[in-house]
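A.B. asks: Compact mmCIF, C-alpha atoms, file my_file11.txt:
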# COMPACT_ATOMS: atom_id res chain seq x y z
CA MET A 1 34.84 171.96 89.42
CA THR A 2 33.95 171.15 93.00
CA SER A 3 36.41 170.07 95.64
CA SER A 4 34.47 166.83 96.19
CA ARG A 5 35.35 165.83 92.63
CA LEU A 6 39.03 166.61 93.06
CA ASP A 7 39.36 165.04 96.48
CA PRO A 8 40.36 161.36 96.30
CA ASP A 9 38.44 160.86 99.55
CA ALA A 10 35.19 161.98 97.88
CA GLY A 11 32.51 159.41 98.62
CA PRO A 12 33.99 157.73 101.72
CA MET A 13 35.28 161.17 102.86
CA ASP A 14 33.58 161.20 106.26
CA ARG A 15 34.74 157.70 107.09
CA ALA A 16 38.33 158.43 106.06
CA ARG A 17 38.34 161.71 108.02
CA PHE A 18 37.02 159.94 111.11
CA GLY A 19 39.80 157.35 110.77
CA ARG A 20 42.45 160.09 110.62
CA LEU A 21 40.96 161.87 113.63
CA LEU A 22 40.81 158.64 115.63
CA GLY A 23 44.39 157.73 114.80
CA ALA A 24 45.62 161.23 115.65
CA GLY A 25 43.50 161.62 118.76
CA VAL A 26 44.87 158.53 120.50
CA TRP A 27 48.28 160.18 120.90
CA LEU A 28 46.82 163.21 122.67
CA PHE A 29 47.16 161.13 125.84
CA PHE A 30 50.80 162.27 126.01
CA LEU A 31 49.67 165.87 126.50
CA THR A 32 48.82 164.86 130.06
CA ASN A 33 52.48 165.60 130.87
CA PRO A 34 52.32 169.36 130.15
CA VAL A 35 48.79 169.50 131.60
CA SER A 36 50.04 168.01 134.89
CA ALA A 37 52.96 170.45 134.93
CA LEU A 38 50.61 173.38 134.37
CA LEU A 39 48.26 172.24 137.14
CA ASP A 40 51.23 172.13 139.52
CA GLN A 41 52.27 175.68 138.53
CA ASP A 42 51.88 178.21 141.36
CA ASP A 43 51.76 181.21 139.04
CA LEU A 44 48.10 181.42 138.12
CA VAL A 45 48.70 183.53 135.02
CA GLN A 46 51.20 181.05 133.58
CA ARG A 47 48.91 178.15 134.56
CA TYR A 48 45.78 179.44 132.85
CA VAL A 49 47.58 180.89 129.85
CA GLY A 50 49.19 177.49 129.30
CA LEU A 51 45.91 175.61 129.72
CA ALA A 52 44.15 178.01 127.34
CA ALA A 53 46.94 177.52 124.80
CA LEU A 54 46.53 173.73 125.03
CA ALA A 55 42.77 174.17 124.64
CA VAL A 56 43.50 175.85 121.28
CA PHE A 57 46.36 173.49 120.40
CA VAL A 58 44.26 170.29 120.46
CA PRO A 59 41.44 171.29 118.04
CA VAL A 60 43.90 173.00 115.65
CA TYR A 61 46.02 169.84 115.62
CA LEU A 62 43.00 167.61 114.93
CA HIS A 63 41.51 169.93 112.32
CA ALA A 64 44.80 170.12 110.42
CA LEU A 65 45.10 166.34 110.23
CA SER A 66 41.45 165.99 109.15
CA ARG A 67 42.14 168.16 106.07
CA ILE A 68 45.31 166.44 104.77
CA PRO A 69 43.98 165.88 101.20
CA GLN A 70 43.02 169.53 100.71
CA PHE A 71 46.51 170.79 101.52
CA HIS A 72 48.15 168.61 98.88
CA ILE A 73 45.47 168.45 96.19
CA HIS A 74 44.85 172.20 96.16
CA ARG A 75 48.45 173.21 97.08
CA GLN A 76 47.27 175.13 100.15
CA TYR A 77 50.73 175.32 101.69
CA VAL A 78 50.33 178.89 102.94
CA VAL A 79 47.30 177.72 104.90
CA ALA A 80 49.31 174.69 106.08
CA TRP A 81 52.07 176.93 107.42
CA THR A 82 49.38 178.98 109.20
CA TYR A 83 48.30 175.86 111.05
CA VAL A 84 51.91 175.09 112.00
CA ALA A 85 52.48 178.69 113.13
CA VAL A 86 49.39 178.57 115.36
CA LEU A 87 50.60 175.33 116.95
CA LEU A 88 54.08 176.77 117.54
CA SER A 89 52.52 179.86 119.13
CA CYS A 90 50.48 177.69 121.48
CA PHE A 91 53.65 175.75 122.36
CA ALA A 92 55.44 179.00 123.18
CA LEU A 93 52.60 180.02 125.53
CA VAL A 94 52.75 176.63 127.32
CA VAL A 95 56.53 176.77 127.96
CA PRO A 96 56.52 179.34 130.83
CA GLY A 97 54.06 177.30 132.86
CA ALA A 98 55.02 173.72 131.92
CA GLY A 99 58.78 174.06 131.46
CA ASP A 100 60.51 171.13 129.77
CA GLN A 101 57.24 169.17 129.73
CA ALA A 102 55.98 171.60 127.07
CA MET A 103 58.41 170.05 124.57
CA THR A 104 55.92 167.18 124.19
CA CYS A 105 53.90 169.62 122.08
CA LEU A 106 56.71 169.73 119.52
CA VAL A 107 56.13 166.04 118.78
CA PHE A 108 52.59 166.88 117.67
CA VAL A 109 53.77 169.93 115.75
CA CYS A 110 56.22 167.77 113.78
CA ALA A 111 53.54 165.16 113.10
CA VAL A 112 51.31 167.84 111.61
CA SER A 113 54.22 169.32 109.62
CA VAL A 114 55.08 165.98 108.03
CA ALA A 115 51.42 165.41 107.19
CA ILE A 116 50.58 168.73 105.54
CA LEU A 117 53.79 170.50 104.46
CA PRO A 118 55.92 169.82 101.37
CA GLN A 119 58.47 167.08 102.07
CA TRP A 120 61.65 169.18 102.32
CA GLN A 121 59.96 171.83 104.47
CA ALA A 122 58.63 169.12 106.77
CA LEU A 123 62.11 167.57 106.99
CA GLY A 124 63.57 170.95 107.99
CA MET A 125 60.89 171.29 110.67
CA VAL A 126 61.70 167.84 112.10
CA ILE A 127 65.44 168.53 112.16
CA ALA A 128 64.91 171.90 113.85
CA ALA A 129 62.62 170.37 116.49
CA PHE A 130 65.02 167.48 117.18
CA ALA A 131 67.97 169.85 117.53
CA GLY A 132 65.99 172.32 119.65
CA ILE A 133 64.72 169.70 122.11
CA THR A 134 68.16 168.11 122.43
CA ALA A 135 69.87 171.47 122.96
CA ALA A 136 67.26 172.66 125.49
CA GLY A 137 67.60 169.45 127.49
CA GLN A 138 71.35 169.97 127.78
CA CYS A 139 71.64 173.74 128.04
CA VAL A 140 68.69 174.87 130.18
CA ASP A 141 69.14 174.30 133.91
CA GLY A 142 66.68 171.78 135.29
CA TRP A 143 65.40 170.75 131.90
CA SER A 144 65.50 167.31 130.32
CA ALA A 145 64.58 166.14 126.80
CA HIS A 146 62.48 163.31 128.34
CA GLY A 147 62.98 161.39 125.09
CA ASN A 148 60.92 163.90 123.16
CA ASN A 149 63.72 164.40 120.63
CA PHE A 150 63.56 160.75 119.60
CA ALA A 151 59.77 160.82 119.83
CA VAL A 152 59.87 163.54 117.18
CA LEU A 153 61.78 161.20 114.85
CA LEU A 154 59.44 158.27 115.49
CA ALA A 155 56.31 160.38 115.01
CA ALA A 156 57.71 161.89 111.81
CA ALA A 157 58.54 158.44 110.41
CA ALA A 158 55.09 157.07 111.29
CA VAL A 159 53.21 160.01 109.77
CA TYR A 160 55.43 159.99 106.68
CA SER A 161 54.62 156.30 106.06
CA PHE A 162 50.91 157.17 106.37
CA ARG A 163 51.42 160.09 103.95
CA LEU A 164 53.04 157.80 101.37
CA ALA A 165 50.17 155.32 101.72
CA TRP A 166 47.60 158.10 101.24
CA GLN A 167 49.44 159.44 98.18
CA ARG A 168 49.49 155.97 96.61
CA GLN A 169 45.79 155.60 97.33
CA ALA A 170 45.10 159.05 95.86
CA ARG A 171 46.98 158.18 92.67
CA LEU A 172 45.06 154.91 92.42
CA VAL A 173 41.71 156.68 92.84
CA ARG A 174 42.67 159.30 90.24
CA ALA A 175 43.77 156.56 87.83
CA GLU A 176 40.47 154.71 88.33
CA ARG A 177 38.55 157.93 87.74
CA ASP A 178 40.53 158.67 84.58
CA LEU A 179 39.93 155.15 83.29
CA SER A 180 36.23 155.49 84.04
CA GLU A 181 36.05 158.81 82.18
CA LEU A 182 38.00 157.32 79.27
CA ALA A 183 35.58 154.39 79.11
CA VAL A 184 32.64 156.81 79.05
CA GLU A 185 34.26 158.84 76.24
CA GLU A 186 34.97 155.69 74.24
CA GLU A 187 31.38 154.53 74.67
CA ARG A 188 30.08 157.91 73.55
CA ALA A 189 32.36 157.78 70.50
CA ARG A 190 31.15 154.24 69.71
CA ILE A 191 27.50 155.22 69.94
CA ALA A 192 28.10 158.34 67.82
CA ARG A 193 29.95 156.24 65.24
CA ASP A 194 27.20 153.63 65.13
CA LEU A 195 24.48 156.25 64.86
CA HIS A 196 26.32 157.95 62.02
CA ASP A 197 26.67 154.69 60.11
CA ILE A 198 23.11 153.56 60.78
CA LEU A 199 21.42 156.85 59.97
CA GLY A 200 23.72 157.59 57.03
CA HIS A 201 22.90 154.29 55.39
CA SER A 202 19.19 154.23 56.27
CA LEU A 203 18.50 157.82 55.27
CA THR A 204 20.41 157.38 52.02
CA VAL A 205 18.30 154.35 51.08
CA ILE A 206 15.09 156.10 52.18
CA THR A 207 15.96 159.15 50.04
CA VAL A 208 16.70 157.00 46.99
CA LYS A 209 13.46 155.04 47.39
CA ALA A 210 11.43 158.20 47.95
CA GLU A 211 12.82 159.68 44.73
CA LEU A 212 12.09 156.43 42.88
CA ALA A 213 8.53 156.30 44.21
CA GLY A 214 8.01 159.91 43.16
CA ARG A 215 9.06 159.11 39.60
CA LEU A 216 6.95 155.94 39.43
CA ILE A 217 3.74 157.19 40.99
CA ALA A 218 2.36 158.40 37.65
CA THR A 219 3.68 155.63 35.36
CA ASP A 220 3.69 152.56 37.63
CA PRO A 221 1.47 153.11 40.70
CA GLU A 222 1.75 149.49 41.91
CA ARG A 223 5.56 149.59 42.05
CA ALA A 224 5.42 153.06 43.60
CA ALA A 225 3.16 151.63 46.32
CA ARG A 226 5.68 148.86 46.95
CA GLU A 227 8.47 151.40 47.23
CA ILE A 228 6.41 153.41 49.72
CA ASP A 229 5.82 150.23 51.74
CA ASP A 230 9.59 149.71 51.74
CA LEU A 231 10.03 153.28 52.96
CA GLN A 232 7.77 152.60 55.93
CA ARG A 233 9.62 149.39 56.75
CA LEU A 234 13.04 151.04 56.40
CA SER A 235 12.06 153.94 58.65
CA ARG A 236 10.81 151.51 61.32
CA ASP A 237 14.00 149.47 61.05
CA ALA A 238 16.14 152.61 61.30
CA LEU A 239 14.27 153.71 64.42
CA ALA A 240 14.73 150.26 65.98
CA ASP A 241 18.45 150.35 65.10
CA VAL A 242 18.87 153.76 66.74
CA ARG A 243 17.13 152.58 69.89
CA SER A 244 19.20 149.40 70.13
CA THR A 245 22.41 151.37 69.52
CA ALA A 246 21.58 153.88 72.23
CA SER A 247 20.96 151.01 74.65
CA GLY A 248 24.31 149.42 73.77
CA ILE A 249 23.03 146.22 72.19
CA ARG A 250 23.59 147.10 68.56
CA GLY A 251 24.78 144.33 66.30
CA ILE A 252 24.57 143.77 62.54
CA SER A 253 24.90 140.62 60.48
CA LEU A 254 26.94 140.23 57.31
CA PRO A 255 24.29 138.23 55.39
CA GLY A 256 21.63 140.77 56.31
CA GLU A 257 23.89 143.61 55.22
CA ILE A 258 24.54 141.91 51.87
CA ALA A 259 20.81 141.69 51.23
CA SER A 260 20.22 145.25 52.38
CA SER A 261 23.06 146.57 50.21
CA ARG A 262 21.76 144.74 47.15
CA MET A 263 18.33 146.33 47.59
CA ALA A 264 19.81 149.80 48.21
CA LEU A 265 22.04 149.65 45.11
CA GLU A 266 19.20 148.45 42.89
CA SER A 267 16.96 151.24 44.14
CA ALA A 268 19.69 153.75 43.30
CA GLY A 269 20.01 152.37 39.75
CA ILE A 270 23.46 150.91 40.42
CA GLU A 271 24.22 147.37 39.27
CA PRO A 272 25.14 145.28 42.33
CA VAL A 273 27.78 142.55 42.04
CA LEU A 274 27.63 141.04 45.50
CA PRO A 275 28.31 137.60 46.95
CA THR A 276 25.28 135.57 47.93
CA VAL A 277 26.80 133.92 51.02
CA ALA A 278 29.37 134.80 53.67
CA ASP A 279 30.26 131.30 54.86
CA ASP A 280 34.01 131.74 54.22
CA VAL A 281 34.31 134.68 56.62
CA PRO A 282 35.24 133.70 60.21
CA SER A 283 32.61 134.73 62.73
CA ARG A 284 35.01 137.08 64.55
CA TRP A 285 35.32 139.28 61.43
CA ARG A 286 31.72 139.27 60.23
CA GLU A 287 30.57 142.32 62.15
CA LEU A 288 33.57 144.38 60.98
CA PHE A 289 32.96 143.27 57.38
CA ALA A 290 29.27 144.14 57.73
CA TRP A 291 30.13 147.68 58.87
CA THR A 292 32.63 147.95 56.00
CA LEU A 293 29.99 146.87 53.49
CA ARG A 294 27.49 149.35 54.92
CA GLU A 295 29.93 152.27 54.82
CA GLY A 296 31.23 151.36 51.36
CA VAL A 297 27.80 150.98 49.77
CA THR A 298 26.51 154.15 51.44
CA ASN A 299 29.42 156.12 49.97
CA VAL A 300 28.86 154.58 46.53
CA ILE A 301 25.21 155.63 46.55
CA ARG A 302 25.88 159.08 47.96
CA HIS A 303 29.04 160.27 46.26
CA SER A 304 30.28 158.06 43.44
CA GLY A 305 27.85 158.60 40.55
CA ALA A 306 28.66 154.98 39.67
CA THR A 307 26.71 152.56 37.51
CA ARG A 308 28.23 149.42 38.98
CA CYS A 309 29.34 148.37 42.46
CA GLU A 310 31.28 145.18 43.12
CA VAL A 311 31.92 143.57 46.48
CA GLU A 312 34.69 141.00 46.88
CA LEU A 313 34.45 138.91 50.02
CA ARG A 314 37.19 136.59 51.29
CA ALA A 315 38.11 135.06 54.59
CA ASP A 316 40.71 137.74 55.34
CA ARG A 317 39.39 140.81 53.52
CA ILE A 318 36.45 142.64 51.99
CA ARG A 319 36.65 145.09 49.10
CA VAL A 320 33.93 147.46 47.91
CA SER A 321 34.71 149.07 44.54
CA ASP A 322 32.78 151.14 42.01
CA ASP A 323 33.22 152.67 38.56
CA GLY A 324 32.24 156.18 39.58
CA ARG A 325 33.99 159.53 39.58
CA GLY A 326 36.77 158.45 41.94
CA ALA A 327 38.14 159.63 45.26
CA GLY A 328 37.25 163.02 46.66
CA PRO A 329 36.83 164.83 49.97
CA ALA A 330 33.73 162.84 50.77
CA HIS A 331 35.80 159.64 50.64
CA ASP A 332 38.94 160.92 52.31
CA ASP A 333 37.60 163.10 55.09
CA GLY A 334 34.18 161.66 55.91
CA SER A 335 33.44 160.76 59.50
CA GLY A 336 32.07 157.42 58.29
CA LEU A 337 35.46 156.30 56.97
CA GLU A 338 37.16 157.64 60.08
CA GLY A 339 34.76 155.63 62.22
CA LEU A 340 35.51 152.55 60.12
CA ARG A 341 39.24 153.09 60.60
CA GLN A 342 38.70 153.22 64.36
CA ARG A 343 36.73 149.96 64.29
CA ALA A 344 39.43 148.31 62.19
CA ARG A 345 42.19 149.60 64.45
CA LEU A 346 40.49 148.12 67.52
CA ALA A 347 40.17 144.78 65.71
CA GLY A 348 43.78 144.80 64.48
CA ALA A 349 42.70 145.22 60.84
CA THR A 350 43.80 147.76 58.23
CA VAL A 351 41.75 150.02 55.96
CA THR A 352 42.99 150.84 52.45
CA THR A 353 41.41 153.21 49.94
CA THR A 354 42.55 153.41 46.31
CA ALA A 355 41.40 155.02 43.08
CA GLY A 356 40.97 153.19 39.78
CA PRO A 357 42.77 153.91 36.50
CA ASP A 358 42.68 157.55 35.40
CA ASP A 359 41.33 158.41 38.84
CA ARG A 360 38.02 156.77 37.91
CA GLY A 361 36.33 154.54 40.42
CA PHE A 362 37.05 154.04 44.08
CA SER A 363 37.97 150.99 46.14
CA LEU A 364 37.62 150.47 49.90
CA THR A 365 39.41 147.44 51.35
CA VAL A 366 39.58 146.14 54.90
CA THR A 367 42.17 143.43 55.54
CA VAL A 368 42.25 141.40 58.74
CA PRO A 369 45.11 139.33 60.20
CA ALA A 370 45.36 135.87 58.68
As structure tokens - that is how I would like this structure written.
C.D. replies:
Amino acid sequence: MTSSRLDPDAGPMDRARFGRLLGAGVWLFFLTNPVSALLDQDDLVQRYVGLAALAVFVPVYLHALSRIPQFHIHRQYVVAWTYVAVLLSCFALVVPGAGDQAMTCLVFVCAVSVAILPQWQALGMVIAAFAGITAAGQCVDGWSAHGNNFAVLLAAAAVYSFRLAWQRQARLVRAERDLSELAVEEERARIARDLHDILGHSLTVITVKAELAGRLIATDPERAAREIDDLQRLSRDALADVRSTASGIRGISLPGEIASSRMALESAGIEPVLPTVADDVPSRWRELFAWTLREGVTNVIRHSGATRCEVELRADRIRVSDDGRGAGPAHDDGSGLEGLRQRARLAGATVTTTAGPDDRGFSLTVTVPA
């Protein structure tokens, strides 16, 4: 997995990094104090060593702040401490030439520490810097804190508030990404469920009609021709259903499913006992009932060995029952029933499966809230 995927700044990364650099670079103005002190230094070695150290200090400081997300997302705290150590080394090289003015560098070191180190380590760094500047201003002859000790506290508080804001933004971006991935997974599951139901039903009916046409072709050629015509129509309809499902516009109607189920059952030699209308079913439940009817009838044709299939349709429920061999693994563990349970769960409905007397027959019921 690439770092651009893990980084919450992925996408607007360059713009966010530029904003951090701009905000951090403004405060470099205060390094004019140690620069002025170094330029006034008579010892040329101390002067140029100090200026060279500042020339390293500035880009390291800016580069560390430009990479804040990487330190926390990838837990690169050893690398973070390397940055801090380099800045402290540069500060130490500035001290001989700039004297107490060099303590301005510690303000920047603390800002970087709060930005890239773990919280408690950063807090220890701030406390140590505050105590060190205060003690040096009081104990070293000719030195003064110049307010840098309190500047350390103010810089630490400002950077910490920015760090909290970035962390909140990072959590928000991660949550949005997770929700987006979850939506994609749910859509894939929906399409897979629809394709299973569509192809399972269509291919079952096509198989039954093909077998019927094969038996009739010698004894009743005209009816066999009609069955073959139906096969062509069913295959075209199945292809259209697959295409519409893949494009996300799939929808089925309850009246159409009743008619289709009646034809499929008759072709399979199963007596259909189906309602002729679906006017009592509220419109919000018709699609769920249509999927239930499709799954129930497909299972009856495929697995039941039944001679009769009855469908009971009411405003708050639909029941598909048969007089076949009863429940079995195909009923209990099939992905079609599991897909139906998922549909019902999303709609707030319940799915119930029961066996008939003496374990003969099978009943599939979907009940919706009143």
A.B. asks: So that I can see what lies close to Glu211 in chain A, please list as an NGL selection string the residues with an atom at most 12 Å from it, counting all atoms listed in the file and leaving out residues fewer than 2 positions away in the same chain.
C.D. replies: :A and (204-209 or 213-217 or 224 or 227-228 or 231 or 267-269)
A.B. asks: Quote the spacing between CA of Val114 in chain A and CA of Leu88 in chain A in Å to one decimal place.
C.D. replies: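 For CA of Val114 in chain A relative to CA of Leu88 in chain A, the distance reads 14.4 Å.
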A.B. asks: For CA of Arg286 in chain A and CA of Leu239 in chain A, determine how far apart the two atoms are, in Å to one decimal place.
C.D. replies: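 Atom-to-atom, CA of Arg286 in chain A and CA of Leu239 in chain A are spaced 23.0 Å apart.
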A.B. asks: Point out the residue among A:Leu93, A:Leu164, A:Leu288, A:Val281 with the least atom-to-atom distance to Ile252 in chain A, counting only C-alpha atoms.
C.D. replies: A:Leu288
A.B. asks: Measuring between only C-alpha atoms, which one of A:Val159, A:Leu313, A:Val45, A:Leu153 shows the shortest distance to Leu65 in chain A?
C.D. replies: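 Ranking A:Val159, A:Leu313, A:Val45, A:Leu153 by distance to Leu65 in chain A, first place goes to A:Val159.
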A.B. asks: Report the distance between CA of Gly326 in chain A and CA of Phe362 in chain A in Å, rounded to one decimal place.
C.D. replies: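 Separation of CA of Gly326 in chain A and CA of Phe362 in chain A: 4.9 Å.
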A.B. asks: Write out as a ChimeraX atom specification which residues come within 7 Å of Cys110 in chain A when counting only C-alpha atoms, dropping same-chain ones fewer than 6 positions away.
C.D. replies: /A:125-126,152,156
A.B. asks: Can I get the selected residues back with C-alpha atoms, as a short mmCIF file (atom, residue, chain, number, x, y, z; two decimals), in the frame of the given file?
C.D. replies:
data_model
loop_
_atom_site.label_atom_id
_atom_site.label_comp_id
_atom_site.auth_asym_id
_atom_site.auth_seq_id
_atom_site.Cartn_x
_atom_site.Cartn_y
_atom_site.Cartn_z
CA MET A 125 60.89 171.29 110.67
CA VAL A 126 61.70 167.84 112.10
CA VAL A 152 59.87 163.54 117.18
CA ALA A 156 57.71 161.89 111.81
#
A.B. asks: My list of candidates is A:Leu182, A:Ala238, A:Ala64, A:Ala115. Which is closest to Ala165 in chain A when distances are computed with only C-alpha atoms?
C.D. replies: A:Ala115
A.B. asks: Which residue gives the smallest distance to Glu312 in chain A among A:Arg177, A:Trp291, A:Pro272, A:Pro282, with only C-alpha atoms counted?
C.D. replies: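 Result for the nearest residue to Glu312 in chain A: A:Pro272.
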A.B. asks: Pick out the closest residue to Ala189 in chain A from this set: A:Ser144, A:Gln342, A:Gln121, A:Thr134. Count all atoms listed in the file.
C.D. replies: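 Result for the nearest residue to Ala189 in chain A: A:Gln342.
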A.B. asks: Using all atoms listed in the file, list the residues that have an atom at most 9 Å from (34.3, 152.3, 63.4), coordinates as in the file, as a list in words.
C.D. replies: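 It turns out the residues near that spot are Arg190, Arg193, Asp194, Asp197, Leu288, Trp291, Thr292, Gly336, Leu337, Glu338, Gly339, Leu340, Arg341, Gln342, Arg343, Ala344, Arg345 and Leu346 of chain A.
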A.B. asks: With C-alpha atoms retained, export the selected residues as a short mmCIF file (atom, residue, chain, number, x, y, z; two decimals), keeping the file's coordinate frame.
C.D. replies:
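Everything below was put into part06.cif:
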data_model
loop_
_atom_site.label_atom_id
_atom_site.label_comp_id
_atom_site.auth_asym_id
_atom_site.auth_seq_id
_atom_site.Cartn_x
_atom_site.Cartn_y
_atom_site.Cartn_z
CA ARG A 190 31.15 154.24 69.71
CA ARG A 193 29.95 156.24 65.24
CA ASP A 194 27.20 153.63 65.13
CA ASP A 197 26.67 154.69 60.11
CA LEU A 288 33.57 144.38 60.98
CA TRP A 291 30.13 147.68 58.87
CA THR A 292 32.63 147.95 56.00
CA GLY A 336 32.07 157.42 58.29
CA LEU A 337 35.46 156.30 56.97
CA GLU A 338 37.16 157.64 60.08
CA GLY A 339 34.76 155.63 62.22
CA LEU A 340 35.51 152.55 60.12
CA ARG A 341 39.24 153.09 60.60
CA GLN A 342 38.70 153.22 64.36
CA ARG A 343 36.73 149.96 64.29
CA ALA A 344 39.43 148.31 62.19
CA ARG A 345 42.19 149.60 64.45
CA LEU A 346 40.49 148.12 67.52
#
A.B. asks: Have a look at A:Leu106, A:Ala349, A:Ala55, A:Val277 and name the one nearest to Ala128 in chain A; count all atoms listed in the file.
C.D. replies: A:Leu106
A.B. asks: List every protein, DNA or RNA residue that has an atom no more than 10 Å from (31.5, 156.2, 46.1) in the file's coordinate frame, counting only C-alpha atoms, and report them as a PyMOL selection string.
C.D. replies: chain A and resi 295-306+309+320-328+330-331+361-364
A.B. asks: Just the residues within 9 Å of Ala136 in chain A, please, counting only C-alpha atoms, with nothing from its chain fewer than 6 positions along; format it as a PDB file with C-alpha atoms, in the frame of the given file.
C.D. replies:
ATOM      1  CA  ASP A 100      60.510 171.130 129.770  1.00  0.00           C
ATOM      2  CA  TRP A 143      65.400 170.750 131.900  1.00  0.00           C
ATOM      3  CA  SER A 144      65.500 167.310 130.320  1.00  0.00           C
ATOM      4  CA  ALA A 145      64.580 166.140 126.800  1.00  0.00           C
TER       5      ALA A 145
END
A.B. asks: Which neighbours of range 29-32 of chain A fall inside 12 Å, counting all atoms listed in the file, when residues of the same chain fewer than 3 positions from it are skipped, and could you give them as JSON, numbers by chain?
C.D. replies: {"A": [23, 24, 25, 26, 35, 36, 37, 38, 39, 50, 51, 54, 55, 57, 58, 91, 94, 98, 101, 102, 103, 104, 105, 106, 107, 108, 146, 148, 151]}
A.B. asks: Could the residues in this selection be saved with C-alpha atoms as a JSON list (two decimals), in the frame of the given file?
C.D. replies:
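out04.json written:
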[["chain", "number", "residue", "atom", "x", "y", "z"],
["A", 23, "GLY", "CA", 44.39, 157.73, 114.80],
["A", 24, "ALA", "CA", 45.62, 161.23, 115.65],
["A", 25, "GLY", "CA", 43.50, 161.62, 118.76],
["A", 26, "VAL", "CA", 44.87, 158.53, 120.50],
["A", 35, "VAL", "CA", 48.79, 169.50, 131.60],
["A", 36, "SER", "CA", 50.04, 168.01, 134.89],
["A", 37, "ALA", "CA", 52.96, 170.45, 134.93],
["A", 38, "LEU", "CA", 50.61, 173.38, 134.37],
["A", 39, "LEU", "CA", 48.26, 172.24, 137.14],
["A", 50, "GLY", "CA", 49.19, 177.49, 129.30],
["A", 51, "LEU", "CA", 45.91, 175.61, 129.72],
["A", 54, "LEU", "CA", 46.53, 173.73, 125.03],
["A", 55, "ALA", "CA", 42.77, 174.17, 124.64],
["A", 57, "PHE", "CA", 46.36, 173.49, 120.40],
["A", 58, "VAL", "CA", 44.26, 170.29, 120.46],
["A", 91, "PHE", "CA", 53.65, 175.75, 122.36],
["A", 94, "VAL", "CA", 52.75, 176.63, 127.32],
["A", 98, "ALA", "CA", 55.02, 173.72, 131.92],
["A", 101, "GLN", "CA", 57.24, 169.17, 129.73],
["A", 102, "ALA", "CA", 55.98, 171.60, 127.07],
["A", 103, "MET", "CA", 58.41, 170.05, 124.57],
["A", 104, "THR", "CA", 55.92, 167.18, 124.19],
["A", 105, "CYS", "CA", 53.90, 169.62, 122.08],
["A", 106, "LEU", "CA", 56.71, 169.73, 119.52],
["A", 107, "VAL", "CA", 56.13, 166.04, 118.78],
["A", 108, "PHE", "CA", 52.59, 166.88, 117.67],
["A", 146, "HIS", "CA", 62.48, 163.31, 128.34],
["A", 148, "ASN", "CA", 60.92, 163.90, 123.16],
["A", 151, "ALA", "CA", 59.77, 160.82, 119.83]]
